[in-house]
file protein-v8.pdb (PDB, C-alpha atoms)
MODEL        1
ATOM      1  CA  GLN A   1    -184.305  58.924 -11.781
ATOM      2  CA  GLN A   2    -182.691  62.216 -10.862
ATOM      3  CA  GLN A   3    -179.727  62.623 -13.138
ATOM      4  CA  VAL A   4    -178.424  65.850 -11.587
ATOM      5  CA  LYS A   5    -178.374  66.176  -7.825
ATOM      6  CA  GLN A   6    -177.976  69.635  -6.332
ATOM      7  CA  SER A   7    -177.220  70.707  -2.782
ATOM      8  CA  PRO A   8    -177.911  72.430  -0.525
ATOM      9  CA  GLN A   9    -181.595  73.108  -1.023
ATOM     10  CA  SER A  10    -181.232  76.482   0.674
ATOM     11  CA  LEU A  11    -178.276  78.586   1.725
ATOM     12  CA  ILE A  12    -177.934  81.683   3.882
ATOM     13  CA  VAL A  13    -174.746  83.719   3.607
ATOM     14  CA  GLN A  14    -173.653  87.019   5.040
ATOM     15  CA  LYS A  15    -172.762  89.872   2.723
ATOM     16  CA  GLY A  16    -169.172  89.527   1.595
ATOM     17  CA  GLY A  17    -169.091  85.788   2.236
ATOM     18  CA  ILE A  18    -168.594  82.919  -0.203
ATOM     19  CA  SER A  19    -171.613  80.979  -1.448
ATOM     20  CA  ILE A  20    -170.956  77.411  -2.584
ATOM     21  CA  ILE A  21    -173.483  75.241  -4.408
ATOM     22  CA  ASN A  22    -172.694  71.682  -5.412
ATOM     23  CA  CYS A  23    -173.996  69.419  -8.145
ATOM     24  CA  ALA A  24    -173.340  65.810  -9.060
ATOM     25  CA  TYR A  25    -174.330  64.012 -12.211
ATOM     26  CA  GLU A  26    -174.671  60.398 -13.239
ATOM     27  CA  ASN A  27    -174.697  60.390 -17.011
ATOM     28  CA  THR A  28    -171.137  60.468 -18.314
ATOM     29  CA  ALA A  29    -172.445  61.513 -21.717
ATOM     30  CA  PHE A  30    -173.168  65.010 -20.362
ATOM     31  CA  ASP A  31    -170.651  67.438 -21.795
ATOM     32  CA  TYR A  32    -171.993  70.923 -21.196
ATOM     33  CA  PHE A  33    -172.871  72.280 -17.763
ATOM     34  CA  PRO A  34    -174.599  75.670 -17.445
ATOM     35  CA  TRP A  35    -175.707  77.431 -14.289
ATOM     36  CA  TYR A  36    -178.869  79.497 -14.240
ATOM     37  CA  GLN A  37    -180.001  82.232 -11.872
ATOM     38  CA  GLN A  38    -183.714  82.760 -11.311
ATOM     39  CA  PHE A  39    -185.396  85.612  -9.472
ATOM     40  CA  PRO A  40    -188.982  85.227  -8.237
ATOM     41  CA  GLY A  41    -191.478  85.559 -11.062
ATOM     42  CA  LYS A  42    -188.773  85.561 -13.730
ATOM     43  CA  GLY A  43    -187.333  83.052 -16.145
ATOM     44  CA  PRO A  44    -183.941  81.425 -15.564
ATOM     45  CA  ALA A  45    -181.015  83.475 -16.853
ATOM     46  CA  LEU A  46    -177.707  81.956 -17.880
ATOM     47  CA  LEU A  47    -174.999  82.794 -15.377
ATOM     48  CA  ILE A  48    -171.945  80.824 -16.409
ATOM     49  CA  ALA A  49    -171.239  77.506 -18.139
ATOM     50  CA  ILE A  50    -168.395  75.016 -18.437
ATOM     51  CA  ARG A  51    -167.335  72.053 -20.551
ATOM     52  CA  PRO A  52    -165.543  69.064 -18.966
ATOM     53  CA  ASP A  53    -162.255  69.733 -20.740
ATOM     54  CA  VAL A  54    -161.500  72.491 -18.216
ATOM     55  CA  SER A  55    -161.401  72.229 -14.438
ATOM     56  CA  GLU A  56    -162.331  75.799 -13.614
ATOM     57  CA  LYS A  57    -163.953  78.800 -15.204
ATOM     58  CA  LYS A  58    -164.193  82.240 -13.669
ATOM     59  CA  GLU A  59    -166.358  85.180 -14.656
ATOM     60  CA  GLY A  60    -166.243  88.094 -12.274
ATOM     61  CA  ARG A  61    -167.329  86.922  -8.824
ATOM     62  CA  PHE A  62    -168.657  83.615 -10.182
ATOM     63  CA  THR A  63    -166.475  80.507 -10.550
ATOM     64  CA  ILE A  64    -167.352  76.983 -11.669
ATOM     65  CA  SER A  65    -165.123  74.164 -10.450
ATOM     66  CA  PHE A  66    -165.396  70.897 -12.348
ATOM     67  CA  ASN A  67    -164.207  67.439 -11.265
ATOM     68  CA  LYS A  68    -164.728  65.047 -14.155
ATOM     69  CA  SER A  69    -163.559  61.907 -12.350
ATOM     70  CA  ALA A  70    -165.928  62.539  -9.456
ATOM     71  CA  LYS A  71    -168.711  63.695 -11.775
ATOM     72  CA  GLN A  72    -169.189  66.791  -9.681
ATOM     73  CA  PHE A  73    -169.217  70.508 -10.302
ATOM     74  CA  SER A  74    -169.812  73.487  -8.113
ATOM     75  CA  LEU A  75    -170.597  77.185  -8.260
ATOM     76  CA  HIS A  76    -168.715  79.605  -6.041
ATOM     77  CA  ILE A  77    -169.967  83.141  -5.570
ATOM     78  CA  MET A  78    -167.266  85.312  -4.066
ATOM     79  CA  ASP A  79    -168.050  88.472  -2.090
ATOM     80  CA  SER A  80    -171.748  87.567  -2.075
ATOM     81  CA  GLN A  81    -174.132  90.511  -2.248
ATOM     82  CA  PRO A  82    -177.811  90.884  -1.272
ATOM     83  CA  GLY A  83    -178.570  91.286  -4.980
ATOM     84  CA  ASP A  84    -177.317  87.729  -5.501
ATOM     85  CA  SER A  85    -180.287  86.443  -3.500
ATOM     86  CA  ALA A  86    -182.063  84.166  -5.977
ATOM     87  CA  THR A  87    -182.552  80.513  -6.825
ATOM     88  CA  TYR A  88    -179.652  78.880  -8.632
ATOM     89  CA  PHE A  89    -179.986  75.845 -10.865
ATOM     90  CA  CYS A  90    -177.244  73.665 -12.238
ATOM     91  CA  ALA A  91    -177.961  71.812 -15.450
ATOM     92  CA  ALA A  92    -176.380  69.372 -17.858
ATOM     93  CA  VAL A  93    -176.849  68.461 -21.502
ATOM     94  CA  THR A  94    -175.339  66.076 -24.022
ATOM     95  CA  GLN A  95    -173.854  67.572 -27.164
ATOM     96  CA  GLY A  96    -175.452  66.017 -30.190
ATOM     97  CA  GLY A  97    -177.731  63.981 -27.965
ATOM     98  CA  SER A  98    -181.267  64.577 -26.870
ATOM     99  CA  GLU A  99    -180.581  68.295 -26.528
ATOM    100  CA  LYS A 100    -182.659  68.625 -23.393
ATOM    101  CA  LEU A 101    -181.265  70.349 -20.346
ATOM    102  CA  VAL A 102    -181.467  68.241 -17.199
ATOM    103  CA  PHE A 103    -181.790  70.497 -14.171
ATOM    104  CA  GLY A 104    -180.987  70.109 -10.530
ATOM    105  CA  LYS A 105    -183.757  70.974  -8.102
ATOM    106  CA  GLY A 106    -182.307  74.366  -7.284
ATOM    107  CA  THR A 107    -180.712  76.180  -4.366
ATOM    108  CA  LYS A 108    -182.401  79.172  -2.814
ATOM    109  CA  LEU A 109    -179.655  81.597  -1.815
ATOM    110  CA  THR A 110    -180.265  84.379   0.675
ATOM    111  CA  VAL A 111    -177.510  86.914   1.239
ATOM    112  CA  ASN A 112    -178.067  88.932   4.392
ATOM    113  CA  PRO A 113    -176.872  92.552   4.446
TER
ATOM    114  CA  ASN B   1    -182.162  92.166 -29.888
ATOM    115  CA  ALA B   2    -185.286  91.180 -28.008
ATOM    116  CA  GLY B   3    -185.130  88.129 -25.820
ATOM    117  CA  VAL B   4    -187.448  85.158 -25.795
ATOM    118  CA  MET B   5    -191.029  86.356 -25.520
ATOM    119  CA  GLN B   6    -193.861  84.436 -23.962
ATOM    120  CA  ASN B   7    -197.519  85.253 -23.626
ATOM    121  CA  PRO B   8    -199.642  85.380 -21.750
ATOM    122  CA  ARG B   9    -197.565  85.866 -18.623
ATOM    123  CA  HIS B  10    -200.415  84.642 -16.450
ATOM    124  CA  LEU B  11    -203.276  82.401 -17.466
ATOM    125  CA  VAL B  12    -206.220  81.239 -15.387
ATOM    126  CA  ARG B  13    -208.351  78.369 -16.607
ATOM    127  CA  ARG B  14    -211.108  76.270 -15.120
ATOM    128  CA  ARG B  15    -210.860  72.513 -15.166
ATOM    129  CA  GLY B  16    -211.746  71.138 -18.578
ATOM    130  CA  GLN B  17    -210.824  74.261 -20.530
ATOM    131  CA  GLU B  18    -207.978  74.588 -22.989
ATOM    132  CA  ALA B  19    -204.763  76.505 -22.388
ATOM    133  CA  ARG B  20    -202.635  77.917 -25.203
ATOM    134  CA  LEU B  21    -199.172  79.188 -24.406
ATOM    135  CA  ARG B  22    -197.149  81.102 -26.972
ATOM    136  CA  CYS B  23    -193.421  81.496 -27.384
ATOM    137  CA  SER B  24    -191.490  83.684 -29.801
ATOM    138  CA  PRO B  25    -187.798  82.714 -29.855
ATOM    139  CA  MET B  26    -184.944  85.167 -30.034
ATOM    140  CA  LYS B  27    -184.215  86.532 -33.470
ATOM    141  CA  GLY B  28    -182.109  84.097 -35.441
ATOM    142  CA  HIS B  29    -182.971  81.158 -33.173
ATOM    143  CA  SER B  30    -184.586  78.145 -34.784
ATOM    144  CA  HIS B  31    -184.544  75.719 -31.847
ATOM    145  CA  VAL B  32    -187.309  75.930 -29.234
ATOM    146  CA  TYR B  33    -187.676  74.008 -25.977
ATOM    147  CA  TRP B  34    -190.515  73.905 -23.484
ATOM    148  CA  TYR B  35    -190.003  73.217 -19.787
ATOM    149  CA  ARG B  36    -192.387  72.986 -16.858
ATOM    150  CA  GLN B  37    -191.585  74.139 -13.348
ATOM    151  CA  LEU B  38    -193.658  73.047 -10.403
ATOM    152  CA  PRO B  39    -193.459  75.035  -7.151
ATOM    153  CA  GLU B  40    -190.160  74.521  -5.319
ATOM    154  CA  GLU B  41    -188.938  72.252  -8.124
ATOM    155  CA  GLY B  42    -186.432  72.482 -10.914
ATOM    156  CA  LEU B  43    -187.390  72.724 -14.536
ATOM    157  CA  LYS B  44    -188.434  69.561 -16.322
ATOM    158  CA  PHE B  45    -188.009  69.171 -20.066
ATOM    159  CA  MET B  46    -191.172  68.681 -22.076
ATOM    160  CA  VAL B  47    -190.480  69.041 -25.786
ATOM    161  CA  TYR B  48    -187.875  70.210 -28.288
ATOM    162  CA  LEU B  49    -188.904  71.606 -31.654
ATOM    163  CA  GLN B  50    -187.360  73.045 -34.740
ATOM    164  CA  LYS B  51    -189.354  74.816 -37.411
ATOM    165  CA  GLU B  52    -192.222  72.516 -38.447
ATOM    166  CA  ASN B  53    -190.662  69.534 -36.679
ATOM    167  CA  ILE B  54    -190.941  67.930 -33.268
ATOM    168  CA  ILE B  55    -187.482  66.606 -32.477
ATOM    169  CA  ASP B  56    -187.958  65.220 -28.967
ATOM    170  CA  GLU B  57    -191.229  65.032 -27.055
ATOM    171  CA  SER B  58    -190.093  62.505 -24.489
ATOM    172  CA  GLY B  59    -191.013  64.801 -21.586
ATOM    173  CA  MET B  60    -194.498  65.565 -22.772
ATOM    174  CA  PRO B  61    -197.478  63.787 -21.205
ATOM    175  CA  LYS B  62    -198.980  61.429 -23.750
ATOM    176  CA  GLU B  63    -202.482  62.848 -23.451
ATOM    177  CA  ARG B  64    -203.888  66.374 -23.577
ATOM    178  CA  PHE B  65    -200.540  68.060 -24.352
ATOM    179  CA  SER B  66    -199.311  69.056 -27.796
ATOM    180  CA  ALA B  67    -196.772  71.461 -29.211
ATOM    181  CA  GLU B  68    -196.015  72.997 -32.557
ATOM    182  CA  PHE B  69    -193.545  75.416 -34.096
ATOM    183  CA  PRO B  70    -194.913  76.441 -37.485
ATOM    184  CA  LYS B  71    -192.909  77.904 -40.321
ATOM    185  CA  GLU B  72    -194.371  81.312 -39.514
ATOM    186  CA  GLY B  73    -195.353  82.537 -36.100
ATOM    187  CA  PRO B  74    -194.654  81.528 -32.528
ATOM    188  CA  SER B  75    -194.357  78.106 -31.003
ATOM    189  CA  ILE B  76    -197.539  76.981 -29.250
ATOM    190  CA  LEU B  77    -197.893  74.671 -26.277
ATOM    191  CA  ARG B  78    -201.473  73.496 -26.046
ATOM    192  CA  ILE B  79    -203.039  71.804 -23.052
ATOM    193  CA  GLN B  80    -206.508  70.402 -23.559
ATOM    194  CA  GLN B  81    -208.996  69.702 -20.769
ATOM    195  CA  VAL B  82    -206.750  71.159 -18.107
ATOM    196  CA  VAL B  83    -206.670  69.679 -14.622
ATOM    197  CA  ARG B  84    -205.446  71.218 -11.360
ATOM    198  CA  GLY B  85    -202.199  69.285 -11.630
ATOM    199  CA  ASP B  86    -201.346  71.270 -14.759
ATOM    200  CA  SER B  87    -200.915  74.403 -12.633
ATOM    201  CA  ALA B  88    -197.270  75.358 -13.028
ATOM    202  CA  ALA B  89    -194.915  77.801 -14.674
ATOM    203  CA  TYR B  90    -194.180  76.930 -18.290
ATOM    204  CA  PHE B  91    -190.958  78.227 -19.731
ATOM    205  CA  CYS B  92    -189.869  78.403 -23.308
ATOM    206  CA  ALA B  93    -186.207  78.538 -24.277
ATOM    207  CA  SER B  94    -184.507  79.027 -27.601
ATOM    208  CA  SER B  95    -181.072  78.557 -29.082
ATOM    209  CA  ARG B  96    -179.441  79.337 -32.368
ATOM    210  CA  PHE B  97    -177.940  75.897 -32.677
ATOM    211  CA  SER B  98    -178.641  72.666 -30.864
ATOM    212  CA  ALA B  99    -178.368  72.839 -27.077
ATOM    213  CA  GLY B 100    -175.170  70.875 -26.873
ATOM    214  CA  GLN B 101    -173.418  73.523 -28.928
ATOM    215  CA  GLU B 102    -175.016  76.630 -27.540
ATOM    216  CA  THR B 103    -176.819  77.629 -24.423
ATOM    217  CA  GLN B 104    -180.569  77.927 -24.277
ATOM    218  CA  TYR B 105    -182.024  81.327 -23.405
ATOM    219  CA  PHE B 106    -185.235  81.376 -21.428
ATOM    220  CA  GLY B 107    -188.333  83.504 -21.637
ATOM    221  CA  PRO B 108    -190.142  84.971 -18.613
ATOM    222  CA  GLY B 109    -192.589  82.085 -18.470
ATOM    223  CA  THR B 110    -196.350  81.638 -18.410
ATOM    224  CA  ARG B 111    -197.855  80.913 -15.024
ATOM    225  CA  LEU B 112    -200.880  78.708 -15.476
ATOM    226  CA  LEU B 113    -203.405  78.409 -12.698
ATOM    227  CA  VAL B 114    -206.191  75.868 -13.031
ATOM    228  CA  LEU B 115    -209.173  76.469 -10.780
TER
ENDMDL
END

call {"tool": "encode", "arguments": {"input": "protein-v8.pdb", "output": "structure tokens"}}
result
Amino acid sequence: QQQVKQSPQSLIVQKGGISIINCAYENTAFDYFPWYQQFPGKGPALLIAIRPDVSEKKEGRFTISFNKSAKQFSLHIMDSQPGDSATYFCAAVTQGGSEKLVFGKGTKLTVNP
Amino acid sequence: NAGVMQNPRHLVRRRGQEARLRCSPMKGHSHVYWYRQLPEEGLKFMVYLQKENIIDESGMPKERFSAEFPKEGPSILRIQQVVRGDSAAYFCASSRFSAGQETQYFGPGTRLLVL
């Protein structure tokens, strides 16, 4: 059972464009939603995270939008740059629960110069 | 403040051998998590440990896999009698508090190749 569904699987964007990655979850007990960025051969690095009591969080060019009723959240990368080319994973975890992060399958983003 | 450290970064084993993967959490972190990543897949939870205790091993295969986080020293993920299907990247993460209260920070991973 895949508890966090992520789309698209791959994404190609031109430099300066907006990259949008979507995730949907099933378990309503999830209450913390981080996004990770992973470059080839490296470990995932925390990018930005959100809790369901807010609908949007922005850090620089990265924004998370959260829709609690739809059980969906998305990552927007504004003014995408070639250096943003990486694989992005959404994840979810339950506070005080099993403590394990449940990951989406990832989106491979390519930003063309 | 050094990040999460894992070694070795690459490990090659023949079928039937043992693999030992080490993880040193960030300074001040007492919660350790192990995840496995297969090619073109997301990370899958294996086990969650605190010092000297296994808290959740629901993602760990029942046979051949074990994990520990002793009072002193790094956390160890041990795979006995490795098979080709064990080939994957194994990531360790740590957090200061439990994951629901604070984000997990990941190490660079150990890439295990079983011949």

call {"tool": "closest_residue", "arguments": {"input": "protein-v8.pdb", "among": "B:Asp86, B:Glu68, B:Glu40, B:Glu18", "to": "Ile54 in chain B", "atoms": "all atoms listed in the file"}}
result
B:Glu68

call {"tool": "interface_residues", "arguments": {"input": "protein-v8.pdb", "of": "chain B", "to": "chain A", "cutoff": "8 Å", "atoms": "all atoms listed in the file", "output": "PyMOL selection string"}}
result
chain B and resi 33+40-45+48+56+91+98-101+103+105-109

call {"tool": "atom_distance", "arguments": {"input": "protein-v8.pdb", "atom1": "CA of Phe66 in chain A", "atom2": "CA of Val4 in chain A"}}
result
14.0 Å

call {"tool": "atom_distance", "arguments": {"input": "protein-v8.pdb", "atom1": "CA of Ser87 in chain B", "atom2": "CA of Lys62 in chain B"}}
result
17.2 Å

call {"tool": "resolve_selection", "arguments": {"input": "protein-v8.pdb", "expression": "the PyMOL selection byres ((chain B and resi 25) around 6)", "output": "ChimeraX atom specification"}}
result
/B:4,24,26,94

call {"tool": "write_last_selection", "arguments": {"input": "protein-v8.pdb", "atoms": "C-alpha atoms", "output": "tab-separated table (two decimals), in the frame of the given file"}}
result
chain	number	residue	atom	x	y	z
B	4	VAL	CA	-187.45	85.16	-25.80
B	24	SER	CA	-191.49	83.68	-29.80
B	26	MET	CA	-184.94	85.17	-30.03
B	94	SER	CA	-184.51	79.03	-27.60

call {"tool": "resolve_selection", "arguments": {"input": "protein-v8.pdb", "expression": "the PyMOL selection byres ((chain A and resi 19-22) around 7)", "output": "JSON, numbers by chain"}}
result
{"A": [6, 7, 8, 13, 17, 18, 23, 24, 73, 74, 75, 76, 77, 78, 80]}

call {"tool": "atom_distance", "arguments": {"input": "protein-v8.pdb", "atom1": "CA of Glu57 in chain B", "atom2": "CA of Ala89 in chain B"}}
result
18.2 Å

call {"tool": "resolve_selection", "arguments": {"input": "protein-v8.pdb", "expression": "the PyMOL selection byres ((chain A and resi 110) around 8)", "output": "list in words"}}
result
Ser10, Leu11, Ile12, Val13, Pro82, Asp84, Ser85, Ala86, Lys108, Leu109, Val111 and Asn112 of chain A

call {"tool": "write_last_selection", "arguments": {"input": "protein-v8.pdb", "atoms": "C-alpha atoms", "output": "PDB file, in the frame of the given file"}}
result
ATOM      1  CA  SER A  10    -181.232  76.482   0.674  1.00  0.00           C
ATOM      2  CA  LEU A  11    -178.276  78.586   1.725  1.00  0.00           C
ATOM      3  CA  ILE A  12    -177.934  81.683   3.882  1.00  0.00           C
ATOM      4  CA  VAL A  13    -174.746  83.719   3.607  1.00  0.00           C
ATOM      5  CA  PRO A  82    -177.811  90.884  -1.272  1.00  0.00           C
ATOM      6  CA  ASP A  84    -177.317  87.729  -5.501  1.00  0.00           C
ATOM      7  CA  SER A  85    -180.287  86.443  -3.500  1.00  0.00           C
ATOM      8  CA  ALA A  86    -182.063  84.166  -5.977  1.00  0.00           C
ATOM      9  CA  LYS A 108    -182.401  79.172  -2.814  1.00  0.00           C
ATOM     10  CA  LEU A 109    -179.655  81.597  -1.815  1.00  0.00           C
ATOM     11  CA  VAL A 111    -177.510  86.914   1.239  1.00  0.00           C
ATOM     12  CA  ASN A 112    -178.067  88.932   4.392  1.00  0.00           C
TER      13      ASN A 112
END

call {"tool": "build_atoms", "arguments": {"input": "protein-v8.pdb", "residues": "range 63-81 of chain B", "atoms": "N, CA and C atoms", "output": "mmCIF file, keeping the file's coordinate frame"}}
result
data_model
loop_
_atom_site.group_PDB
_atom_site.id
_atom_site.type_symbol
_atom_site.label_atom_id
_atom_site.label_comp_id
_atom_site.auth_asym_id
_atom_site.auth_seq_id
_atom_site.Cartn_x
_atom_site.Cartn_y
_atom_site.Cartn_z
ATOM 1 N N GLU B 63 -201.127 62.384 -23.166
ATOM 2 C CA GLU B 63 -202.482 62.848 -23.451
ATOM 3 C C GLU B 63 -202.616 64.327 -23.106
ATOM 4 N N ARG B 64 -203.442 64.994 -23.809
ATOM 5 C CA ARG B 64 -203.888 66.374 -23.577
ATOM 6 C C ARG B 64 -202.848 67.430 -23.949
ATOM 7 N N PHE B 65 -201.586 67.074 -24.056
ATOM 8 C CA PHE B 65 -200.540 68.060 -24.352
ATOM 9 C C PHE B 65 -200.082 67.924 -25.800
ATOM 10 N N SER B 66 -199.881 69.062 -26.459
ATOM 11 C CA SER B 66 -199.311 69.056 -27.796
ATOM 12 C C SER B 66 -198.522 70.341 -28.003
ATOM 13 N N ALA B 67 -197.600 70.290 -28.938
ATOM 14 C CA ALA B 67 -196.772 71.461 -29.211
ATOM 15 C C ALA B 67 -196.522 71.553 -30.701
ATOM 16 N N GLU B 68 -196.340 72.780 -31.160
ATOM 17 C CA GLU B 68 -196.015 72.997 -32.557
ATOM 18 C C GLU B 68 -195.121 74.222 -32.685
ATOM 19 N N PHE B 69 -194.393 74.265 -33.771
ATOM 20 C CA PHE B 69 -193.545 75.416 -34.096
ATOM 21 C C PHE B 69 -193.653 75.586 -35.609
ATOM 22 N N PRO B 70 -194.661 76.334 -36.044
ATOM 23 C CA PRO B 70 -194.913 76.441 -37.485
ATOM 24 C C PRO B 70 -193.844 77.256 -38.199
ATOM 25 N N LYS B 71 -193.888 77.182 -39.504
ATOM 26 C CA LYS B 71 -192.909 77.904 -40.321
ATOM 27 C C LYS B 71 -192.978 79.410 -40.039
ATOM 28 N N GLU B 72 -194.173 79.911 -39.855
ATOM 29 C CA GLU B 72 -194.371 81.312 -39.514
ATOM 30 C C GLU B 72 -195.087 81.397 -38.170
ATOM 31 N N GLY B 73 -194.656 82.318 -37.354
ATOM 32 C CA GLY B 73 -195.353 82.537 -36.100
ATOM 33 C C GLY B 73 -194.686 81.845 -34.926
ATOM 34 N N PRO B 74 -195.277 82.037 -33.745
ATOM 35 C CA PRO B 74 -194.654 81.528 -32.528
ATOM 36 C C PRO B 74 -194.854 80.030 -32.350
ATOM 37 N N SER B 75 -194.112 79.482 -31.429
ATOM 38 C CA SER B 75 -194.357 78.106 -31.003
ATOM 39 C C SER B 75 -195.543 78.118 -30.036
ATOM 40 N N ILE B 76 -196.349 77.083 -30.095
ATOM 41 C CA ILE B 76 -197.539 76.981 -29.250
ATOM 42 C C ILE B 76 -197.468 75.694 -28.440
ATOM 43 N N LEU B 77 -197.688 75.836 -27.143
ATOM 44 C CA LEU B 77 -197.893 74.671 -26.277
ATOM 45 C C LEU B 77 -199.373 74.672 -25.909
ATOM 46 N N ARG B 78 -200.028 73.584 -26.230
ATOM 47 C CA ARG B 78 -201.473 73.496 -26.046
ATOM 48 C C ARG B 78 -201.787 72.402 -25.022
ATOM 49 N N ILE B 79 -202.606 72.766 -24.057
ATOM 50 C CA ILE B 79 -203.039 71.804 -23.052
ATOM 51 C C ILE B 79 -204.564 71.736 -23.108
ATOM 52 N N GLN B 80 -205.054 70.583 -23.477
ATOM 53 C CA GLN B 80 -206.508 70.402 -23.559
ATOM 54 C C GLN B 80 -207.038 69.866 -22.238
ATOM 55 N N GLN B 81 -208.289 70.221 -21.952
ATOM 56 C CA GLN B 81 -208.996 69.702 -20.769
ATOM 57 C C GLN B 81 -208.109 69.779 -19.530
#
